[in-house]
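A.B. asks: Hey, dropping work.csv in here, CSV, C-alpha atoms (C1' of nucleotides):
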chain,number,residue,atom,x,y,z
A,1,MET,CA,93.6,114.1,257.4
A,2,ARG,CA,89.8,113.8,257.7
A,3,ALA,CA,88.4,110.5,256.7
A,4,ASP,CA,86.0,111.7,254.1
A,5,LEU,CA,88.8,113.7,252.4
A,6,GLU,CA,91.1,110.7,252.5
A,7,GLY,CA,88.3,108.8,250.9
A,8,PHE,CA,88.3,111.0,247.9
A,9,LEU,CA,92.0,110.8,247.4
A,10,SER,CA,92.2,107.1,247.7
A,11,LEU,CA,89.5,106.3,245.2
A,12,ASP,CA,90.5,103.7,242.6
A,13,ARG,CA,91.5,105.8,239.6
A,14,VAL,CA,91.0,102.9,237.2
A,15,VAL,CA,87.4,102.8,238.2
A,16,HIS,CA,87.0,106.5,238.6
A,17,GLU,CA,87.3,107.4,235.0
A,18,PRO,CA,83.8,107.9,233.6
A,19,ALA,CA,84.3,105.9,230.5
A,20,ARG,CA,85.4,102.9,232.6
A,21,LEU,CA,82.5,103.4,235.0
A,22,VAL,CA,80.3,103.0,232.0
A,23,ILE,CA,82.0,99.8,230.9
A,24,LEU,CA,82.1,98.3,234.4
A,25,THR,CA,78.5,99.2,235.0
A,26,VAL,CA,77.3,97.5,231.8
A,27,LEU,CA,79.4,94.4,232.5
A,28,ALA,CA,78.3,94.2,236.1
A,29,GLN,CA,74.7,93.9,234.8
A,30,ALA,CA,75.1,91.9,231.6
A,31,GLU,CA,77.7,89.4,232.7
A,32,GLU,CA,79.0,88.9,229.2
A,33,VAL,CA,79.1,91.4,226.3
A,34,GLU,CA,80.8,92.1,223.0
A,35,PHE,CA,82.9,94.9,221.9
A,36,ARG,CA,80.4,96.1,219.3
A,37,PHE,CA,77.6,96.1,221.8
A,38,LEU,CA,79.7,98.1,224.2
A,39,GLU,CA,80.7,100.5,221.5
A,40,ARG,CA,77.1,101.2,220.7
A,41,VAL,CA,75.7,101.4,224.2
A,42,SER,CA,78.5,103.5,225.5
A,43,GLY,CA,78.9,105.9,222.6
A,44,LEU,CA,82.6,105.7,222.9
A,45,THR,CA,84.8,105.6,219.8
A,46,LYS,CA,86.5,102.3,219.0
A,47,GLY,CA,89.9,103.5,219.8
A,48,ASN,CA,88.9,105.0,223.1
A,49,LEU,CA,86.9,101.9,224.0
A,50,SER,CA,89.8,99.6,223.1
A,51,SER,CA,92.3,101.4,225.3
A,52,HIS,CA,89.9,101.5,228.3
A,53,ILE,CA,89.3,97.8,227.9
A,54,SER,CA,93.1,97.2,227.9
A,55,ARG,CA,93.4,99.3,231.0
A,56,LEU,CA,90.7,97.3,232.8
A,57,GLU,CA,92.2,94.1,231.6
A,58,GLU,CA,95.6,95.0,233.0
A,59,ALA,CA,94.0,95.9,236.3
A,60,GLY,CA,92.4,92.4,236.3
A,61,TYR,CA,88.9,93.9,236.3
A,62,LEU,CA,87.7,92.2,233.2
A,63,ALA,CA,88.5,89.1,231.1
A,64,VAL,CA,88.8,89.4,227.3
A,65,LYS,CA,88.0,86.5,225.1
A,66,LYS,CA,88.7,86.6,221.4
A,67,PHE,CA,87.0,84.3,219.0
A,68,PHE,CA,85.6,84.1,215.5
A,69,ARG,CA,82.0,84.3,214.7
A,70,GLY,CA,82.0,82.7,211.3
A,71,LYS,CA,85.0,84.3,209.7
A,72,LEU,CA,84.8,87.6,211.5
A,73,PRO,CA,86.8,88.3,214.6
A,74,ALA,CA,84.9,89.2,217.7
A,75,THR,CA,85.8,90.1,221.3
A,76,SER,CA,83.8,89.2,224.3
A,77,LEU,CA,84.2,90.9,227.7
A,78,LYS,CA,83.3,89.6,231.1
A,79,ILE,CA,83.8,91.3,234.4
A,80,THR,CA,85.9,89.4,236.9
A,81,ARG,CA,85.2,88.8,240.5
A,82,SER,CA,87.9,91.4,241.3
A,83,GLY,CA,86.3,93.9,238.9
A,84,ARG,CA,82.9,93.5,240.5
A,85,SER,CA,84.3,94.0,243.9
A,86,ALA,CA,86.3,97.0,242.8
A,87,LEU,CA,83.2,98.6,241.4
A,88,LYS,CA,81.3,97.8,244.6
A,89,GLY,CA,84.1,99.2,246.8
A,90,TYR,CA,84.4,102.3,244.7
A,91,ARG,CA,80.7,103.0,244.9
A,92,GLU,CA,80.7,102.5,248.7
A,93,GLN,CA,83.7,104.6,249.3
A,94,LEU,CA,82.5,107.4,247.1
A,95,ASN,CA,79.0,107.4,248.7
A,96,ARG,CA,80.5,107.6,252.1
A,97,ALA,CA,82.8,110.5,251.2
A,98,LEU,CA,80.0,112.4,249.4
A,99,GLN,CA,77.4,111.8,252.0
A,100,ARG,CA,79.5,112.7,254.9
A,101,ARG,CA,78.2,116.2,254.5
A,102,GLY,CA,78.7,118.4,251.6
B,103,MET,CA,72.3,105.6,225.1
B,104,ARG,CA,70.9,104.6,228.5
B,105,ALA,CA,70.4,107.4,231.0
B,106,ASP,CA,72.6,106.1,233.7
B,107,LEU,CA,75.5,105.6,231.3
B,108,GLU,CA,74.9,109.0,229.8
B,109,GLY,CA,75.1,110.2,233.4
B,110,PHE,CA,78.6,109.0,233.9
B,111,LEU,CA,79.9,110.5,230.7
B,112,SER,CA,78.4,113.9,231.3
B,113,LEU,CA,79.8,114.3,234.8
B,114,ASP,CA,81.5,117.6,235.4
B,115,ARG,CA,85.2,116.7,235.0
B,116,VAL,CA,86.2,119.8,236.9
B,117,VAL,CA,84.4,118.5,240.0
B,118,HIS,CA,85.1,114.9,239.3
B,119,GLU,CA,88.9,115.1,240.0
B,120,PRO,CA,89.4,113.7,243.6
B,121,ALA,CA,91.7,116.5,244.6
B,122,ARG,CA,89.1,119.1,243.6
B,123,LEU,CA,86.3,117.1,245.3
B,124,VAL,CA,88.4,117.5,248.5
B,125,ILE,CA,88.8,121.2,248.0
B,126,LEU,CA,85.1,121.8,247.2
B,127,THR,CA,83.9,119.6,250.0
B,128,VAL,CA,86.0,121.5,252.5
B,129,LEU,CA,84.9,124.9,251.1
B,130,ALA,CA,81.3,123.9,251.1
B,131,GLN,CA,81.5,123.3,254.8
B,132,ALA,CA,83.9,126.0,255.9
B,133,GLU,CA,82.6,128.9,253.8
B,134,GLU,CA,86.0,130.6,253.9
B,135,VAL,CA,89.4,129.1,254.2
B,136,GLU,CA,93.1,129.8,253.6
B,137,PHE,CA,95.6,128.2,251.4
B,138,ARG,CA,97.8,126.9,254.2
B,139,PHE,CA,94.8,125.4,255.9
B,140,LEU,CA,93.7,123.6,252.8
B,141,GLU,CA,97.3,122.5,252.2
B,142,ARG,CA,97.3,120.8,255.6
B,143,VAL,CA,93.8,119.4,255.6
B,144,SER,CA,94.0,118.0,252.1
B,145,GLY,CA,97.6,116.7,252.2
B,146,LEU,CA,98.1,118.0,248.7
B,147,THR,CA,101.4,119.6,247.8
B,148,LYS,CA,101.5,123.4,247.3
B,149,GLY,CA,102.1,123.1,243.6
B,150,ASN,CA,99.3,120.7,243.1
B,151,LEU,CA,96.9,122.6,245.3
B,152,SER,CA,97.7,125.8,243.6
B,153,SER,CA,96.9,124.5,240.2
B,154,HIS,CA,93.7,122.9,241.3
B,155,ILE,CA,92.7,126.2,242.8
B,156,SER,CA,93.4,128.0,239.5
B,157,ARG,CA,91.3,125.4,237.7
B,158,LEU,CA,88.4,125.9,240.1
B,159,GLU,CA,88.7,129.6,239.9
B,160,GLU,CA,88.6,129.5,236.1
B,161,ALA,CA,85.5,127.4,236.3
B,162,GLY,CA,83.9,130.1,238.5
B,163,TYR,CA,83.6,127.6,241.4
B,164,LEU,CA,85.6,129.5,243.9
B,165,ALA,CA,86.7,133.1,244.6
B,166,VAL,CA,90.2,133.9,245.5
B,167,LYS,CA,91.1,136.8,247.6
B,168,LYS,CA,94.7,137.8,248.3
B,169,PHE,CA,95.7,140.0,251.2
B,170,PHE,CA,98.4,140.6,253.7
B,171,ARG,CA,98.3,139.3,257.3
B,172,GLY,CA,100.8,141.6,258.8
B,173,LYS,CA,103.6,141.6,256.3
B,174,LEU,CA,103.1,138.1,254.9
B,175,PRO,CA,100.9,137.4,251.9
B,176,ALA,CA,98.0,135.1,252.3
B,177,THR,CA,95.3,133.7,250.1
B,178,SER,CA,91.7,133.2,251.1
B,179,LEU,CA,89.3,130.9,249.2
B,180,LYS,CA,85.6,130.9,249.2
B,181,ILE,CA,83.2,128.7,247.3
B,182,THR,CA,80.8,130.5,244.9
B,183,ARG,CA,77.1,129.9,244.5
B,184,SER,CA,77.9,128.3,241.2
B,185,GLY,CA,80.6,126.1,242.8
B,186,ARG,CA,78.2,125.0,245.5
B,187,SER,CA,75.5,124.1,242.9
B,188,ALA,CA,78.1,122.3,240.8
B,189,LEU,CA,79.1,120.1,243.7
B,190,LYS,CA,75.4,119.4,244.6
B,191,GLY,CA,74.6,118.6,240.9
B,192,TYR,CA,77.6,116.4,240.7
B,193,ARG,CA,76.7,114.4,243.8
B,194,GLU,CA,73.1,114.0,242.6
B,195,GLN,CA,74.1,112.9,239.2
B,196,LEU,CA,76.7,110.4,240.3
B,197,ASN,CA,74.4,109.0,242.9
B,198,ARG,CA,71.7,108.4,240.4
B,199,ALA,CA,74.1,106.8,238.0
B,200,LEU,CA,75.7,104.6,240.6
B,201,GLN,CA,72.5,103.6,242.3
B,202,ARG,CA,70.6,102.7,239.2
B,203,ARG,CA,71.7,99.1,239.6
B,204,GLY,CA,75.3,98.0,239.7
C,205,DT,C1',88.5,93.3,191.2
C,206,DG,C1',87.2,97.0,193.5
C,207,DC,C1',84.3,99.2,197.0
C,208,DG,C1',82.2,99.4,201.3
C,209,DA,C1',81.5,97.2,205.7
C,210,DT,C1',83.1,94.7,210.0
C,211,DA,C1',86.2,94.5,214.0
C,212,DG,C1',89.4,96.2,216.3
C,213,DT,C1',94.5,98.1,217.3
C,214,DT,C1',98.1,101.5,216.9
C,215,DT,C1',99.7,106.0,216.8
C,216,DG,C1',99.9,110.8,217.6
C,217,DT,C1',98.0,114.8,219.8
C,218,DT,C1',96.3,117.2,223.5
C,219,DA,C1',95.3,117.9,228.1
C,220,DT,C1',96.2,117.4,233.0
C,221,DA,C1',97.8,115.9,237.5
C,222,DC,C1',101.6,116.2,240.1
C,223,DA,C1',105.9,117.5,242.5
C,224,DG,C1',110.1,119.9,242.7
C,225,DA,C1',112.4,124.1,241.9
C,226,DC,C1',112.0,128.7,242.2
C,227,DT,C1',110.5,133.7,243.7
C,228,DA,C1',109.9,137.0,247.1
C,229,DG,C1',110.0,138.5,251.3
C,230,DT,C1',110.2,137.9,256.7
C,231,DC,C1',111.9,136.3,261.1
C,232,DT,C1',115.6,134.8,264.2
C,233,DG,C1',119.8,134.1,266.5
C,234,DA,C1',124.8,134.2,266.7
D,235,DT,C1',124.2,142.3,260.4
D,236,DC,C1',124.0,138.7,257.8
D,237,DA,C1',123.2,133.7,257.3
D,238,DG,C1',119.9,130.4,257.5
D,239,DA,C1',115.4,128.9,258.1
D,240,DC,C1',110.6,129.7,257.5
D,241,DT,C1',106.2,131.5,255.1
D,242,DA,C1',103.3,131.6,251.1
D,243,DG,C1',102.7,130.5,247.0
D,244,DT,C1',103.7,130.2,241.6
D,245,DC,C1',106.1,128.3,237.7
D,246,DT,C1',108.0,124.6,235.1
D,247,DG,C1',108.9,120.1,233.5
D,248,DT,C1',107.6,115.4,233.3
D,249,DA,C1',104.9,111.5,233.1
D,250,DT,C1',100.4,109.8,232.5
D,251,DA,C1',96.0,109.8,230.2
D,252,DA,C1',92.1,110.3,227.4
D,253,DC,C1',90.7,110.7,223.0
D,254,DA,C1',90.1,110.3,217.9
D,255,DA,C1',91.9,109.5,213.5
D,256,DA,C1',94.3,106.6,210.7
D,257,DC,C1',95.5,102.1,209.9
D,258,DT,C1',95.4,96.7,209.5
D,259,DA,C1',93.1,92.8,208.1
D,260,DT,C1',89.3,90.3,206.4
D,261,DC,C1',84.8,89.6,204.3
D,262,DG,C1',80.8,90.2,201.2
D,263,DC,C1',78.9,91.8,197.2
D,264,DA,C1',78.3,93.6,192.5
Represent the structure contained in this file as structure tokens.
C.D. replies:
Amino acid sequence: MRADLEGFLSLDRVVHEPARLVILTVLAQAEEVEFRFLERVSGLTKGNLSSHISRLEEAGYLAVKKFFRGKLPATSLKITRSGRSALKGYREQLNRALQRRG
Amino acid sequence: MRADLEGFLSLDRVVHEPARLVILTVLAQAEEVEFRFLERVSGLTKGNLSSHISRLEEAGYLAVKKFFRGKLPATSLKITRSGRSALKGYREQLNRALQRRG
DNA sequence: TGCGATAGTTTGTTATACAGACTAGTCTGA
DNA sequence: TCAGACTAGTCTGTATAACAAACTATCGCA
């Protein structure tokens, strides 16, 4: 199969999902961020956001830290080295596939 | 919401699916193509390919023409103007969102 | 003590990607 | 001539997934 086509089909589906692209993009810039912040900036619903975070955590792309601010629980997210590299790889691969004519 | 994040979430999901990116990319280059050819070049299974074609047809992104070559049925696919512009728009939008830092 | 807010998770529904089974007919060779 | 293999797809079932609504648990305030 042609390399550009191959490129599309071998994209990392964990990263490929738009909602997760949003999360990873924010985290790649902000380094550390909280759930509420992400909820607001992404416009995703809590439930949806929560499950995407789990998915990214399972993939090892982000680290979740739970703590209490005063007496309220809070969740802090941080992109991992692996997550950063997955995003970078995804971007490069997609760019190559898209640019190679269209 | 920030414009780049918005950009991810408003991507055309019909185009966003890797298998369909493959199909559209091939069609954008080849102008007119047959099912069997697409099956080989994409590596997709018949069933899968068939359903993606239906999806793209419903979206108005490609035109399907059925005919007989000798006595065997054949299917010919052609990208529509709208399909071409959807692919172009998708590429531009994604590039903008991805490039705007990472 | 009861109501609304905060901070998420769990659950249920809906959609969709995918492959295998199936349809329909043609060609080939014993 | 008829059995088996091939062509060209479509249909169907399954497993995954995105998504939102409902729920859990706690806090703060009147």
A.B. asks: Tell me, as number ranges by chain, which residues lie within 10 Å of DC240 in chain D, counting all atoms listed in the file; anything in the same chain fewer than 4 positions away does not count.
C.D. replies: C: 230-232
A.B. asks: Write the selection just made, keeping C-alpha atoms (C1' of nucleotides), as a PDB file, in the coordinates of the input?
C.D. replies:
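Final output, saved to part04.pdb:
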ATOM      1  C1'  DT C 230     110.200 137.900 256.700  1.00  0.00           C
ATOM      2  C1'  DC C 231     111.900 136.300 261.100  1.00  0.00           C
ATOM      3  C1'  DT C 232     115.600 134.800 264.200  1.00  0.00           C
TER       4       DT C 232
END
A.B. asks: Both chains have the same sequence, so superpose chain B on chain A over all Cα atoms paired in order and return it as a PDB file with C-alpha atoms, in the coordinates of the input.
C.D. replies:
ATOM      1  CA  MET B 103      93.660 114.077 257.379  1.00  0.00           C
ATOM      2  CA  ARG B 104      89.887 113.705 257.758  1.00  0.00           C
ATOM      3  CA  ALA B 105      88.410 110.385 256.692  1.00  0.00           C
ATOM      4  CA  ASP B 106      86.064 111.654 254.103  1.00  0.00           C
ATOM      5  CA  LEU B 107      88.801 113.653 252.390  1.00  0.00           C
ATOM      6  CA  GLU B 108      91.142 110.714 252.608  1.00  0.00           C
ATOM      7  CA  GLY B 109      88.308 108.821 250.927  1.00  0.00           C
ATOM      8  CA  PHE B 110      88.319 110.961 247.868  1.00  0.00           C
ATOM      9  CA  LEU B 111      92.051 110.796 247.390  1.00  0.00           C
ATOM     10  CA  SER B 112      92.257 107.052 247.723  1.00  0.00           C
ATOM     11  CA  LEU B 113      89.546 106.313 245.179  1.00  0.00           C
ATOM     12  CA  ASP B 114      90.508 103.726 242.625  1.00  0.00           C
ATOM     13  CA  ARG B 115      91.488 105.876 239.612  1.00  0.00           C
ATOM     14  CA  VAL B 116      91.028 102.926 237.308  1.00  0.00           C
ATOM     15  CA  VAL B 117      87.330 102.767 238.226  1.00  0.00           C
ATOM     16  CA  HIS B 118      86.951 106.450 238.703  1.00  0.00           C
ATOM     17  CA  GLU B 119      87.317 107.366 234.961  1.00  0.00           C
ATOM     18  CA  PRO B 120      83.698 107.944 233.642  1.00  0.00           C
ATOM     19  CA  ALA B 121      84.279 105.917 230.530  1.00  0.00           C
ATOM     20  CA  ARG B 122      85.408 102.920 232.596  1.00  0.00           C
ATOM     21  CA  LEU B 123      82.508 103.402 235.064  1.00  0.00           C
ATOM     22  CA  VAL B 124      80.242 102.968 231.983  1.00  0.00           C
ATOM     23  CA  ILE B 125      82.018  99.848 230.883  1.00  0.00           C
ATOM     24  CA  LEU B 126      82.033  98.261 234.371  1.00  0.00           C
ATOM     25  CA  THR B 127      78.459  99.194 235.063  1.00  0.00           C
ATOM     26  CA  VAL B 128      77.327  97.560 231.850  1.00  0.00           C
ATOM     27  CA  LEU B 129      79.454  94.430 232.490  1.00  0.00           C
ATOM     28  CA  ALA B 130      78.236  94.143 236.010  1.00  0.00           C
ATOM     29  CA  GLN B 131      74.716  93.867 234.735  1.00  0.00           C
ATOM     30  CA  ALA B 132      75.198  91.941 231.523  1.00  0.00           C
ATOM     31  CA  GLU B 133      77.748  89.368 232.701  1.00  0.00           C
ATOM     32  CA  GLU B 134      79.057  88.927 229.158  1.00  0.00           C
ATOM     33  CA  VAL B 135      79.127  91.356 226.330  1.00  0.00           C
ATOM     34  CA  GLU B 136      80.817  92.094 222.993  1.00  0.00           C
ATOM     35  CA  PHE B 137      82.910  94.915 221.846  1.00  0.00           C
ATOM     36  CA  ARG B 138      80.472  96.160 219.223  1.00  0.00           C
ATOM     37  CA  PHE B 139      77.688  96.120 221.751  1.00  0.00           C
ATOM     38  CA  LEU B 140      79.646  98.139 224.230  1.00  0.00           C
ATOM     39  CA  GLU B 141      80.718 100.486 221.423  1.00  0.00           C
ATOM     40  CA  ARG B 142      77.059 101.219 220.700  1.00  0.00           C
ATOM     41  CA  VAL B 143      75.733 101.329 224.227  1.00  0.00           C
ATOM     42  CA  SER B 144      78.509 103.513 225.559  1.00  0.00           C
ATOM     43  CA  GLY B 145      78.876 105.874 222.567  1.00  0.00           C
ATOM     44  CA  LEU B 146      82.617 105.696 222.967  1.00  0.00           C
ATOM     45  CA  THR B 147      84.780 105.553 219.874  1.00  0.00           C
ATOM     46  CA  LYS B 148      86.515 102.242 219.022  1.00  0.00           C
ATOM     47  CA  GLY B 149      89.935 103.605 219.789  1.00  0.00           C
ATOM     48  CA  ASN B 150      88.907 104.980 223.091  1.00  0.00           C
ATOM     49  CA  LEU B 151      86.939 101.920 224.074  1.00  0.00           C
ATOM     50  CA  SER B 152      89.742  99.677 223.133  1.00  0.00           C
ATOM     51  CA  SER B 153      92.213 101.413 225.318  1.00  0.00           C
ATOM     52  CA  HIS B 154      89.893 101.541 228.252  1.00  0.00           C
ATOM     53  CA  ILE B 155      89.369  97.839 227.854  1.00  0.00           C
ATOM     54  CA  SER B 156      93.143  97.224 227.882  1.00  0.00           C
ATOM     55  CA  ARG B 157      93.406  99.327 231.031  1.00  0.00           C
ATOM     56  CA  LEU B 158      90.670  97.329 232.744  1.00  0.00           C
ATOM     57  CA  GLU B 159      92.148  94.103 231.634  1.00  0.00           C
ATOM     58  CA  GLU B 160      95.552  95.074 233.023  1.00  0.00           C
ATOM     59  CA  ALA B 161      93.912  95.908 236.290  1.00  0.00           C
ATOM     60  CA  GLY B 162      92.405  92.385 236.349  1.00  0.00           C
ATOM     61  CA  TYR B 163      88.863  93.867 236.262  1.00  0.00           C
ATOM     62  CA  LEU B 164      87.706  92.200 233.140  1.00  0.00           C
ATOM     63  CA  ALA B 165      88.529  89.116 231.025  1.00  0.00           C
ATOM     64  CA  VAL B 166      88.836  89.337 227.343  1.00  0.00           C
ATOM     65  CA  LYS B 167      88.103  86.488 225.113  1.00  0.00           C
ATOM     66  CA  LYS B 168      88.683  86.607 221.358  1.00  0.00           C
ATOM     67  CA  PHE B 169      87.014  84.238 218.939  1.00  0.00           C
ATOM     68  CA  PHE B 170      85.601  83.990 215.498  1.00  0.00           C
ATOM     69  CA  ARG B 171      81.867  84.276 214.701  1.00  0.00           C
ATOM     70  CA  GLY B 172      81.876  82.652 211.362  1.00  0.00           C
ATOM     71  CA  LYS B 173      84.845  84.186 209.651  1.00  0.00           C
ATOM     72  CA  LEU B 174      84.841  87.547 211.430  1.00  0.00           C
ATOM     73  CA  PRO B 175      86.800  88.173 214.608  1.00  0.00           C
ATOM     74  CA  ALA B 176      84.961  89.207 217.675  1.00  0.00           C
ATOM     75  CA  THR B 177      85.837  90.113 221.211  1.00  0.00           C
ATOM     76  CA  SER B 178      83.873  89.129 224.274  1.00  0.00           C
ATOM     77  CA  LEU B 179      84.252  90.883 227.656  1.00  0.00           C
ATOM     78  CA  LYS B 180      83.340  89.650 231.023  1.00  0.00           C
ATOM     79  CA  ILE B 181      83.752  91.313 234.381  1.00  0.00           C
ATOM     80  CA  THR B 182      85.941  89.449 236.929  1.00  0.00           C
ATOM     81  CA  ARG B 183      85.195  88.859 240.577  1.00  0.00           C
ATOM     82  CA  SER B 184      87.870  91.378 241.345  1.00  0.00           C
ATOM     83  CA  GLY B 185      86.352  93.898 238.889  1.00  0.00           C
ATOM     84  CA  ARG B 186      82.937  93.453 240.438  1.00  0.00           C
ATOM     85  CA  SER B 187      84.342  93.999 243.986  1.00  0.00           C
ATOM     86  CA  ALA B 188      86.302  97.011 242.763  1.00  0.00           C
ATOM     87  CA  LEU B 189      83.180  98.653 241.419  1.00  0.00           C
ATOM     88  CA  LYS B 190      81.217  97.842 244.655  1.00  0.00           C
ATOM     89  CA  GLY B 191      84.126  99.194 246.818  1.00  0.00           C
ATOM     90  CA  TYR B 192      84.321 102.247 244.692  1.00  0.00           C
ATOM     91  CA  ARG B 193      80.615 103.026 244.962  1.00  0.00           C
ATOM     92  CA  GLU B 194      80.688 102.479 248.738  1.00  0.00           C
ATOM     93  CA  GLN B 195      83.669 104.633 249.235  1.00  0.00           C
ATOM     94  CA  LEU B 196      82.482 107.514 247.111  1.00  0.00           C
ATOM     95  CA  ASN B 197      79.084 107.399 248.675  1.00  0.00           C
ATOM     96  CA  ARG B 198      80.497 107.647 252.116  1.00  0.00           C
ATOM     97  CA  ALA B 199      82.747 110.482 251.127  1.00  0.00           C
ATOM     98  CA  LEU B 200      80.046 112.396 249.338  1.00  0.00           C
ATOM     99  CA  GLN B 201      77.378 111.833 251.925  1.00  0.00           C
ATOM    100  CA  ARG B 202      79.437 112.766 254.912  1.00  0.00           C
ATOM    101  CA  ARG B 203      78.154 116.319 254.656  1.00  0.00           C
ATOM    102  CA  GLY B 204      78.588 118.497 251.615  1.00  0.00           C
TER     103      GLY B 204
END
A.B. asks: Can you work out which residues from chain A touch chain B at a cut-off of 8 Å (counting all atoms listed in the file) and hand them back as a PyMOL selection string?
C.D. replies: chain A and resi 1-2+5-6+8-9+11+18-19+21-22+25+28-29+40-43+88+91+95+98+101-102
A.B. asks: Would you mind listing, as a ChimeraX atom specification, all residues of chain C that have at least one atom within 9 Å of chain B, where only C-alpha atoms (C1' of nucleotides) are what counts?
C.D. replies: /C:221-224,229-230
A.B. asks: Residues of chain D no more than 9 Å from chain A, counting all atoms listed in the file: send them over as a PyMOL selection string.
C.D. replies: chain D and resi 252-255+260-261
A.B. asks: Tell me which of B:Ile155, B:Ala132, B:Leu140, B:Ala165 sits closest to Thr182 in chain B, counting only C-alpha atoms.
C.D. replies: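 Closest to Thr182 in chain B of all the choices is B:Ala165.
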A.B. asks: If I take C1' of DC226 in chain C and CA of Ser152 in chain B, how far is one from the other in Å, to one decimal?
C.D. replies: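 Those two atoms sit 14.7 Å apart.
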A.B. asks: For a test of reading the model, state the distance in Å between CA of Ala86 in chain A and CA of Asp114 in chain B, rounded to one decimal.
C.D. replies: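 These two atoms are separated by 22.4 Å.
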A.B. asks: Tell me, as a count of residues only, which residues lie within 8 Å of Phe137 in chain B, counting only C-alpha atoms (C1' of nucleotides); anything in the same chain fewer than 3 positions away does not count.
C.D. replies: 6
A.B. asks: Could you jot down the CA of Glu58 in chain A to C1' of DC257 in chain D separation for me, Å, one decimal place?
C.D. replies: 24.2 Å
A.B. asks: Return range 12-17 of chain A, completed with all heavy atoms, as a PDB file, in the frame of the given file.
C.D. replies:
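Final file, out.pdb:
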ATOM      1  N   ASP A  12      89.892 104.485 243.667  1.00  0.00           N
ATOM      2  CA  ASP A  12      90.500 103.700 242.600  1.00  0.00           C
ATOM      3  C   ASP A  12      90.417 104.462 241.274  1.00  0.00           C
ATOM      4  O   ASP A  12      89.343 104.535 240.699  1.00  0.00           O
ATOM      5  CB  ASP A  12      89.862 102.335 242.529  1.00  0.00           C
ATOM      6  CG  ASP A  12      90.532 101.420 241.521  1.00  0.00           C
ATOM      7  OD1 ASP A  12      91.289 101.920 240.657  1.00  0.00           O
ATOM      8  OD2 ASP A  12      90.313 100.204 241.617  1.00  0.00           O
ATOM      9  N   ARG A  13      91.536 104.995 240.810  1.00  0.00           N
ATOM     10  CA  ARG A  13      91.500 105.800 239.600  1.00  0.00           C
ATOM     11  C   ARG A  13      91.136 104.994 238.353  1.00  0.00           C
ATOM     12  O   ARG A  13      90.642 105.553 237.373  1.00  0.00           O
ATOM     13  CB  ARG A  13      92.849 106.494 239.332  1.00  0.00           C
ATOM     14  CG  ARG A  13      93.369 107.361 240.464  1.00  0.00           C
ATOM     15  CD  ARG A  13      92.598 108.649 240.630  1.00  0.00           C
ATOM     16  NE  ARG A  13      92.931 109.673 239.674  1.00  0.00           N
ATOM     17  CZ  ARG A  13      93.199 110.941 240.008  1.00  0.00           C
ATOM     18  NH1 ARG A  13      93.218 111.323 241.272  1.00  0.00           N
ATOM     19  NH2 ARG A  13      93.452 111.821 239.081  1.00  0.00           N
ATOM     20  N   VAL A  14      91.418 103.739 238.385  1.00  0.00           N
ATOM     21  CA  VAL A  14      91.000 102.900 237.200  1.00  0.00           C
ATOM     22  C   VAL A  14      89.526 102.883 237.104  1.00  0.00           C
ATOM     23  O   VAL A  14      88.979 102.997 236.016  1.00  0.00           O
ATOM     24  CB  VAL A  14      91.587 101.464 237.395  1.00  0.00           C
ATOM     25  CG1 VAL A  14      91.043 100.569 236.300  1.00  0.00           C
ATOM     26  CG2 VAL A  14      93.102 101.470 237.372  1.00  0.00           C
ATOM     27  N   VAL A  15      88.845 102.784 238.213  1.00  0.00           N
ATOM     28  CA  VAL A  15      87.400 102.800 238.200  1.00  0.00           C
ATOM     29  C   VAL A  15      86.812 104.162 238.014  1.00  0.00           C
ATOM     30  O   VAL A  15      85.782 104.342 237.371  1.00  0.00           O
ATOM     31  CB  VAL A  15      86.835 102.145 239.502  1.00  0.00           C
ATOM     32  CG1 VAL A  15      85.309 102.128 239.496  1.00  0.00           C
ATOM     33  CG2 VAL A  15      87.373 100.732 239.697  1.00  0.00           C
ATOM     34  N   HIS A  16      87.506 105.129 238.562  1.00  0.00           N
ATOM     35  CA  HIS A  16      87.000 106.500 238.600  1.00  0.00           C
ATOM     36  C   HIS A  16      86.727 107.145 237.278  1.00  0.00           C
ATOM     37  O   HIS A  16      85.873 108.015 237.166  1.00  0.00           O
ATOM     38  CB  HIS A  16      87.973 107.349 239.442  1.00  0.00           C
ATOM     39  CG  HIS A  16      87.462 108.710 239.821  1.00  0.00           C
ATOM     40  ND1 HIS A  16      86.319 108.895 240.564  1.00  0.00           N
ATOM     41  CD2 HIS A  16      87.927 109.945 239.554  1.00  0.00           C
ATOM     42  CE1 HIS A  16      86.121 110.198 240.751  1.00  0.00           C
ATOM     43  NE2 HIS A  16      87.079 110.853 240.140  1.00  0.00           N
ATOM     44  N   GLU A  17      87.477 106.772 236.303  1.00  0.00           N
ATOM     45  CA  GLU A  17      87.300 107.400 235.000  1.00  0.00           C
ATOM     46  C   GLU A  17      85.894 107.041 234.415  1.00  0.00           C
ATOM     47  O   GLU A  17      85.497 105.883 234.305  1.00  0.00           O
ATOM     48  CB  GLU A  17      88.373 106.790 234.034  1.00  0.00           C
ATOM     49  CG  GLU A  17      88.146 107.072 232.562  1.00  0.00           C
ATOM     50  CD  GLU A  17      88.104 108.548 232.245  1.00  0.00           C
ATOM     51  OE1 GLU A  17      88.762 109.340 232.942  1.00  0.00           O
ATOM     52  OE2 GLU A  17      87.376 108.928 231.307  1.00  0.00           O
TER      53      GLU A  17
END
